[in-house]
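**Student:** Next up is a structure, given as structure tokens.
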Amino acid sequence: MAIDLHLHTTASDGTCTPQQLVQLLRDEQVDTFAITDHDTVEGAAMLLADPPEGMRFIPGVEFSCRSAVGKYHILGYGIDPAGALLNAAIEEGRQLRLNKLRGRLRYLRDAHGITFSTAEEEWLLSQKSPGKPHIGTLLLQKGLGNSMVEVLARYVNPFKGGNDRIDAAGAIRAILAAGGVPVWAHPMGGEGRRHKTREELLPRLDDLLHLGIQGMECWYSRYTEQEIAVLTELATGEGLLISGGSDFHGTPKPGLLPGTLCAGAARPRREQLTLLERV
């Protein structure tokens, strides 16, 4: 049986409900998993109230963050979804996302002449964690491209205005206050990003160590075995916990299945993901 500690649902920008995700995990023989939606714990709380039988579920969250050194995604594992400081950070992130969403809508109108109906805009603004995939879904419905990657690259990614990231130190404090473990997500870069070298990672790792990070996502669906080895060496050297996840979203990332923790066929042994010892 496999493990996947980085999964998204319809509570943020995934396309599977928590219940649909559980069934897909069973199909893919994943028995240990975490829901880590962007800036919301709604999906995680739903499964905590009705845990899937025969599976180990870990409630989580993923914050988009920034510090003076750079931008990060920080995962929180084993959190109490009712934590007051956690929910304050979530609300701050949601408001920043809404502000950036409005900026993106203005950019689409001014730069490309693309507008949405009142109903479409209300749907976007009603999302718990509105982001690029939600806009991409509407662009695809308008026939403006053939894939999520295409429409985001052509129409959405060029917009650089606004800030949708909370302070990294605050995110880590909120996770710790909720009884969770803060983990640096995809340190070399996420989906579609150029992968950073070991040398480029070092100042960022030092920054997060000073802010209180406790783990690194060393196993990731888009990383090679060689990249995973570099990250594992860095994490072990700093005494950090090791995590791993696919970053599954559903249709926004076609072909990516839960349980994929490496760009090749490798899978970690359970004992290699030392985060599991703490959550």
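Every chain in the structure tokens has a letter given in the order shown (A, B, ...), and although residue numbers restart at 1 in each chain, ligands are simply numbered from 1 in the order shown.
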Would you list the contacts of region 244-259 of chain A as a short mmCIF file (atom, residue, chain, number, x, y, z; two decimals) with all heavy atoms, in the first residue's frame, taking every protein, DNA or RNA residue within 6 Å and counting only C-alpha atoms, but skipping same-chain residues closer than 2 positions in sequence?
**Tutor:**
```
data_model
loop_
_atom_site.label_atom_id
_atom_site.label_comp_id
_atom_site.auth_asym_id
_atom_site.auth_seq_id
_atom_site.Cartn_x
_atom_site.Cartn_y
_atom_site.Cartn_z
N ALA A 2 0.36 2.33 -0.59
CA ALA A 2 1.15 3.53 -0.80
C ALA A 2 0.72 4.65 0.14
O ALA A 2 -0.29 4.57 0.84
CB ALA A 2 1.02 3.98 -2.25
N ILE A 3 1.50 5.74 0.10
CA ILE A 3 1.30 6.92 0.94
C ILE A 3 1.24 8.14 0.04
O ILE A 3 1.93 8.21 -0.97
CB ILE A 3 2.47 7.08 1.93
CG1 ILE A 3 2.61 5.83 2.80
CG2 ILE A 3 2.31 8.32 2.80
CD1 ILE A 3 3.93 5.74 3.53
N ASP A 4 0.41 9.12 0.42
CA ASP A 4 0.40 10.40 -0.30
C ASP A 4 -0.02 11.48 0.68
O ASP A 4 -1.17 11.52 1.14
CB ASP A 4 -0.57 10.36 -1.49
CG ASP A 4 -0.33 11.50 -2.47
OD1 ASP A 4 0.17 12.55 -2.03
OD2 ASP A 4 -0.65 11.34 -3.65
N LEU A 5 0.91 12.39 0.98
CA LEU A 5 0.69 13.41 2.00
C LEU A 5 0.52 14.81 1.42
O LEU A 5 0.73 15.80 2.12
CB LEU A 5 1.85 13.38 3.01
CG LEU A 5 2.09 12.02 3.68
CD1 LEU A 5 3.29 12.09 4.62
CD2 LEU A 5 0.85 11.54 4.41
N HIS A 6 0.10 14.89 0.16
CA HIS A 6 -0.12 16.20 -0.47
C HIS A 6 -1.21 16.05 -1.52
O HIS A 6 -0.94 15.72 -2.67
CB HIS A 6 1.19 16.70 -1.09
CG HIS A 6 1.17 18.13 -1.50
ND1 HIS A 6 2.32 18.88 -1.67
CD2 HIS A 6 0.14 18.98 -1.80
CE1 HIS A 6 2.00 20.10 -2.04
NE2 HIS A 6 0.69 20.19 -2.14
N LEU A 7 -2.45 16.33 -1.11
CA LEU A 7 -3.62 16.12 -1.96
C LEU A 7 -4.58 17.29 -1.82
O LEU A 7 -4.76 17.83 -0.72
CB LEU A 7 -4.34 14.82 -1.58
CG LEU A 7 -3.54 13.52 -1.70
CD1 LEU A 7 -4.14 12.44 -0.82
CD2 LEU A 7 -3.51 13.06 -3.16
N HIS A 8 -5.23 17.65 -2.94
CA HIS A 8 -6.17 18.76 -2.95
C HIS A 8 -7.56 18.29 -3.37
O HIS A 8 -7.70 17.35 -4.16
CB HIS A 8 -5.69 19.86 -3.88
CG HIS A 8 -4.39 20.46 -3.45
ND1 HIS A 8 -4.32 21.52 -2.57
CD2 HIS A 8 -3.11 20.14 -3.74
CE1 HIS A 8 -3.06 21.83 -2.35
NE2 HIS A 8 -2.30 21.00 -3.05
N GLY A 14 -8.87 21.63 -6.23
CA GLY A 14 -8.93 20.28 -6.80
C GLY A 14 -10.28 20.02 -7.44
O GLY A 14 -11.22 20.82 -7.30
N THR A 15 -10.39 18.91 -8.13
CA THR A 15 -11.65 18.60 -8.82
C THR A 15 -12.34 17.36 -8.25
O THR A 15 -13.37 16.94 -8.79
CB THR A 15 -11.42 18.42 -10.33
OG1 THR A 15 -10.38 17.46 -10.55
CG2 THR A 15 -11.02 19.74 -10.98
N MET A 148 -5.61 23.11 -19.29
CA MET A 148 -5.42 24.05 -18.19
C MET A 148 -4.05 24.72 -18.30
O MET A 148 -3.93 25.95 -18.12
CB MET A 148 -5.56 23.33 -16.85
CG MET A 148 -5.44 24.23 -15.64
SD MET A 148 -6.83 25.39 -15.44
CE MET A 148 -8.15 24.25 -14.95
N GLU A 217 9.37 18.43 2.15
CA GLU A 217 8.74 17.49 1.22
C GLU A 217 9.82 17.04 0.21
O GLU A 217 9.98 17.64 -0.84
CB GLU A 217 7.57 18.16 0.51
CG GLU A 217 6.75 17.21 -0.33
CD GLU A 217 5.54 17.90 -0.94
OE1 GLU A 217 5.71 18.99 -1.53
OE2 GLU A 217 4.43 17.36 -0.81
N CYS A 218 10.53 16.00 0.58
CA CYS A 218 11.65 15.53 -0.24
C CYS A 218 11.17 14.66 -1.41
O CYS A 218 11.78 14.69 -2.49
CB CYS A 218 12.63 14.74 0.61
SG CYS A 218 13.36 15.69 1.96
N TRP A 219 10.14 13.89 -1.19
CA TRP A 219 9.55 13.07 -2.25
C TRP A 219 8.40 13.85 -2.87
O TRP A 219 7.48 14.28 -2.17
CB TRP A 219 9.04 11.75 -1.67
CG TRP A 219 10.14 10.80 -1.30
CD1 TRP A 219 10.89 10.83 -0.16
CD2 TRP A 219 10.60 9.70 -2.07
NE1 TRP A 219 11.81 9.80 -0.18
CE2 TRP A 219 11.66 9.09 -1.34
CE3 TRP A 219 10.24 9.15 -3.31
CZ2 TRP A 219 12.34 7.97 -1.80
CZ3 TRP A 219 10.91 8.03 -3.77
CH2 TRP A 219 11.96 7.45 -3.02
N TYR A 220 8.48 14.03 -4.19
CA TYR A 220 7.48 14.84 -4.89
C TYR A 220 7.30 14.30 -6.31
O TYR A 220 8.27 13.87 -6.94
CB TYR A 220 7.92 16.31 -4.91
CG TYR A 220 6.91 17.27 -5.49
CD1 TYR A 220 5.71 17.53 -4.84
CD2 TYR A 220 7.16 17.93 -6.68
CE1 TYR A 220 4.79 18.42 -5.36
CE2 TYR A 220 6.25 18.83 -7.21
CZ TYR A 220 5.06 19.07 -6.55
OH TYR A 220 4.15 19.96 -7.08
N SER A 221 6.09 14.38 -6.80
CA SER A 221 5.74 13.73 -8.07
C SER A 221 6.55 14.21 -9.26
O SER A 221 6.70 13.49 -10.24
CB SER A 221 4.25 13.92 -8.36
OG SER A 221 3.91 15.30 -8.37
N LEU A 261 4.97 9.73 -6.02
CA LEU A 261 5.86 10.54 -5.18
C LEU A 261 7.23 10.72 -5.80
O LEU A 261 8.19 11.11 -5.13
CB LEU A 261 5.99 9.91 -3.79
CG LEU A 261 4.96 10.38 -2.73
CD1 LEU A 261 3.54 10.08 -3.17
CD2 LEU A 261 5.25 9.76 -1.39
#
```
**Student:** Give me every strand (DSSP E or B) residue in region 15-180 of chain A, going by DSSP on the backbone, as a list in words.
**Tutor:**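 The strand (DSSP E or B) subset of region 15-180 of chain A is Val30, Asp31, Thr32, Phe33, Ala34, Ile35, His38, Arg56, Phe57, Ile58, Pro59, Gly60, Val61, Glu62, Phe63, Ser64, Cys65, Arg66, Lys71, Tyr72, His73, Ile74, Leu75, Gly76, Tyr77, Ile166 and Asp167 of chain A.
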**Student:** Please write the residues from the selection above to a file, keeping N, CA, C and O atoms, as an mmCIF file, in the first residue's frame.
**Tutor:**
```cif
data_model
loop_
_atom_site.group_PDB
_atom_site.id
_atom_site.type_symbol
_atom_site.label_atom_id
_atom_site.label_comp_id
_atom_site.auth_asym_id
_atom_site.auth_seq_id
_atom_site.Cartn_x
_atom_site.Cartn_y
_atom_site.Cartn_z
ATOM 1 N N VAL A 30 -3.680 3.494 -2.041
ATOM 2 C CA VAL A 30 -3.073 4.421 -1.083
ATOM 3 C C VAL A 30 -3.862 4.310 0.215
ATOM 4 O O VAL A 30 -5.073 4.530 0.226
ATOM 5 N N ASP A 31 -3.187 3.953 1.302
ATOM 6 C CA ASP A 31 -3.910 3.764 2.564
ATOM 7 C C ASP A 31 -3.557 4.786 3.634
ATOM 8 O O ASP A 31 -4.197 4.849 4.678
ATOM 9 N N THR A 32 -2.539 5.615 3.382
ATOM 10 C CA THR A 32 -2.150 6.661 4.320
ATOM 11 C C THR A 32 -2.087 7.969 3.541
ATOM 12 O O THR A 32 -1.349 8.063 2.556
ATOM 13 N N PHE A 33 -2.850 8.966 3.979
ATOM 14 C CA PHE A 33 -2.933 10.172 3.158
ATOM 15 C C PHE A 33 -3.261 11.398 3.994
ATOM 16 O O PHE A 33 -3.721 11.309 5.131
ATOM 17 N N ALA A 34 -3.006 12.564 3.393
ATOM 18 C CA ALA A 34 -3.340 13.848 4.006
ATOM 19 C C ALA A 34 -4.023 14.732 2.973
ATOM 20 O O ALA A 34 -3.629 14.745 1.804
ATOM 21 N N ILE A 35 -5.043 15.426 3.381
ATOM 22 C CA ILE A 35 -5.645 16.480 2.562
ATOM 23 C C ILE A 35 -4.988 17.798 2.967
ATOM 24 O O ILE A 35 -4.976 18.165 4.146
ATOM 25 N N HIS A 38 -5.374 24.405 -0.234
ATOM 26 C CA HIS A 38 -4.815 25.742 -0.125
ATOM 27 C C HIS A 38 -5.689 26.624 0.763
ATOM 28 O O HIS A 38 -6.861 26.866 0.464
ATOM 29 N N ARG A 56 -5.443 5.530 7.090
ATOM 30 C CA ARG A 56 -4.918 6.513 8.031
ATOM 31 C C ARG A 56 -5.015 7.879 7.385
ATOM 32 O O ARG A 56 -4.386 8.130 6.355
ATOM 33 N N PHE A 57 -5.785 8.754 7.995
ATOM 34 C CA PHE A 57 -5.998 10.106 7.460
ATOM 35 C C PHE A 57 -5.349 11.133 8.366
ATOM 36 O O PHE A 57 -5.529 11.118 9.583
ATOM 37 N N ILE A 58 -4.606 12.065 7.760
ATOM 38 C CA ILE A 58 -3.917 13.132 8.492
ATOM 39 C C ILE A 58 -4.460 14.472 7.998
ATOM 40 O O ILE A 58 -4.337 14.794 6.817
ATOM 41 N N PRO A 59 -5.090 15.257 8.857
ATOM 42 C CA PRO A 59 -5.608 16.562 8.427
ATOM 43 C C PRO A 59 -4.470 17.542 8.179
ATOM 44 O O PRO A 59 -3.516 17.610 8.965
ATOM 45 N N GLY A 60 -4.569 18.289 7.089
ATOM 46 C CA GLY A 60 -3.505 19.223 6.753
ATOM 47 C C GLY A 60 -4.020 20.481 6.087
ATOM 48 O O GLY A 60 -5.233 20.678 5.889
ATOM 49 N N VAL A 61 -3.082 21.347 5.728
ATOM 50 C CA VAL A 61 -3.384 22.596 5.049
ATOM 51 C C VAL A 61 -2.128 23.009 4.292
ATOM 52 O O VAL A 61 -1.027 22.545 4.610
ATOM 53 N N GLU A 62 -2.278 23.851 3.258
ATOM 54 C CA GLU A 62 -1.126 24.394 2.548
ATOM 55 C C GLU A 62 -1.288 25.910 2.439
ATOM 56 O O GLU A 62 -2.277 26.395 1.897
ATOM 57 N N PHE A 63 -0.294 26.612 2.973
ATOM 58 C CA PHE A 63 -0.291 28.071 2.917
ATOM 59 C C PHE A 63 0.662 28.561 1.833
ATOM 60 O O PHE A 63 1.781 28.055 1.701
ATOM 61 N N SER A 64 0.229 29.566 1.079
ATOM 62 C CA SER A 64 1.114 30.300 0.179
ATOM 63 C C SER A 64 1.723 31.436 0.993
ATOM 64 O O SER A 64 1.002 32.258 1.552
ATOM 65 N N CYS A 65 3.066 31.469 1.056
ATOM 66 C CA CYS A 65 3.749 32.370 1.981
ATOM 67 C C CYS A 65 4.864 33.148 1.299
ATOM 68 O O CYS A 65 5.304 32.805 0.205
ATOM 69 N N ARG A 66 5.329 34.159 2.010
ATOM 70 C CA ARG A 66 6.510 34.893 1.585
ATOM 71 C C ARG A 66 7.268 35.381 2.806
ATOM 72 O O ARG A 66 6.701 35.551 3.886
ATOM 73 N N LYS A 71 9.587 33.292 -1.742
ATOM 74 C CA LYS A 71 8.222 32.773 -1.679
ATOM 75 C C LYS A 71 8.261 31.273 -1.405
ATOM 76 O O LYS A 71 9.138 30.564 -1.899
ATOM 77 N N TYR A 72 7.287 30.818 -0.624
ATOM 78 C CA TYR A 72 7.234 29.405 -0.245
ATOM 79 C C TYR A 72 5.795 28.916 -0.223
ATOM 80 O O TYR A 72 4.861 29.704 -0.078
ATOM 81 N N HIS A 73 5.646 27.593 -0.297
ATOM 82 C CA HIS A 73 4.417 26.935 0.104
ATOM 83 C C HIS A 73 4.758 26.115 1.338
ATOM 84 O O HIS A 73 5.741 25.359 1.335
ATOM 85 N N ILE A 74 3.974 26.290 2.386
ATOM 86 C CA ILE A 74 4.235 25.599 3.644
ATOM 87 C C ILE A 74 3.024 24.753 4.010
ATOM 88 O O ILE A 74 1.895 25.245 4.084
ATOM 89 N N LEU A 75 3.280 23.478 4.221
ATOM 90 C CA LEU A 75 2.255 22.513 4.590
ATOM 91 C C LEU A 75 2.188 22.385 6.105
ATOM 92 O O LEU A 75 3.222 22.443 6.784
ATOM 93 N N GLY A 76 0.991 22.184 6.625
ATOM 94 C CA GLY A 76 0.814 21.917 8.049
ATOM 95 C C GLY A 76 0.135 20.576 8.223
ATOM 96 O O GLY A 76 -0.921 20.334 7.636
ATOM 97 N N TYR A 77 0.734 19.696 9.022
ATOM 98 C CA TYR A 77 0.214 18.331 9.191
ATOM 99 C C TYR A 77 -0.195 18.074 10.634
ATOM 100 O O TYR A 77 0.434 18.562 11.579
ATOM 101 N N ILE A 166 0.644 35.050 2.572
ATOM 102 C CA ILE A 166 0.771 35.550 3.928
ATOM 103 C C ILE A 166 2.228 35.434 4.370
ATOM 104 O O ILE A 166 3.058 34.806 3.708
ATOM 105 N N ASP A 167 2.534 36.045 5.509
ATOM 106 C CA ASP A 167 3.889 36.006 6.040
ATOM 107 C C ASP A 167 4.252 34.578 6.455
ATOM 108 O O ASP A 167 3.486 33.907 7.158
#
```
**Student:** In Å, how far is it from CA of Tyr107 (chain A) to CA of Cys16 (chain A)?
**Tutor:**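 According to the coordinates, CA of Tyr107 (chain A) and CA of Cys16 (chain A) are separated by 29.0 Å.
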**Student:** Counting only C-alpha atoms, what is within 9 Å of Leu208 (chain A), bar same-chain residues fewer than 3 positions away, as an mmCIF file with C-alpha atoms, in the first residue's frame?
**Tutor:**
```cif
data_model
loop_
_atom_site.group_PDB
_atom_site.id
_atom_site.type_symbol
_atom_site.label_atom_id
_atom_site.label_comp_id
_atom_site.auth_asym_id
_atom_site.auth_seq_id
_atom_site.Cartn_x
_atom_site.Cartn_y
_atom_site.Cartn_z
ATOM 1 C CA SER A 67 9.421 36.191 3.635
ATOM 2 C CA ALA A 168 5.832 32.732 6.298
ATOM 3 C CA ALA A 169 6.648 33.246 9.975
ATOM 4 C CA TRP A 184 8.357 23.086 3.309
ATOM 5 C CA PRO A 203 19.754 30.352 1.700
ATOM 6 C CA ARG A 204 16.059 29.544 1.510
ATOM 7 C CA LEU A 205 16.493 26.539 3.776
ATOM 8 C CA LEU A 211 11.436 30.697 11.106
ATOM 9 C CA GLY A 212 10.780 27.281 12.694
ATOM 10 C CA ILE A 213 10.217 24.860 9.816
ATOM 11 C CA GLN A 214 10.279 21.229 10.980
#
```
**Student:** For the helix (DSSP H, G or I) assignment from backbone DSSP, which residues of region 55-224 of chain A qualify? Please present them as a ChimeraX atom specification.
**Tutor:** /A:84-112,118-126,132-141,148-156,168-177,198-211
**Student:** Mind giving me the straight-line distance from CA of Val149 (chain A) to CA of His195 (chain A) in Å, one decimal?
**Tutor:**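 Value for the CA of Val149 (chain A)-CA of His195 (chain A) distance: 17.6 Å.
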**Student:** Quick one: everything within 12 Å of Phe116 (chain A), counting only C-alpha atoms, minus sequence neighbours fewer than 4 positions away in the same chain. Send it as a list in words.
**Tutor:** Arg102, Arg104, Leu105, Arg106, Leu108, Arg109, Glu120, Glu121, Glu122, Trp123, Leu124, Ile135, Thr137, Leu138, Leu139, Gln141 and Lys142 of chain A
**Student:** Rounded to one decimal in Å, what is the spacing between CA of Leu209 (chain A) and CA of Gly179 (chain A)?
**Tutor:**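 Interatomic distance, CA of Leu209 (chain A) to CA of Gly179 (chain A): 18.3 Å.
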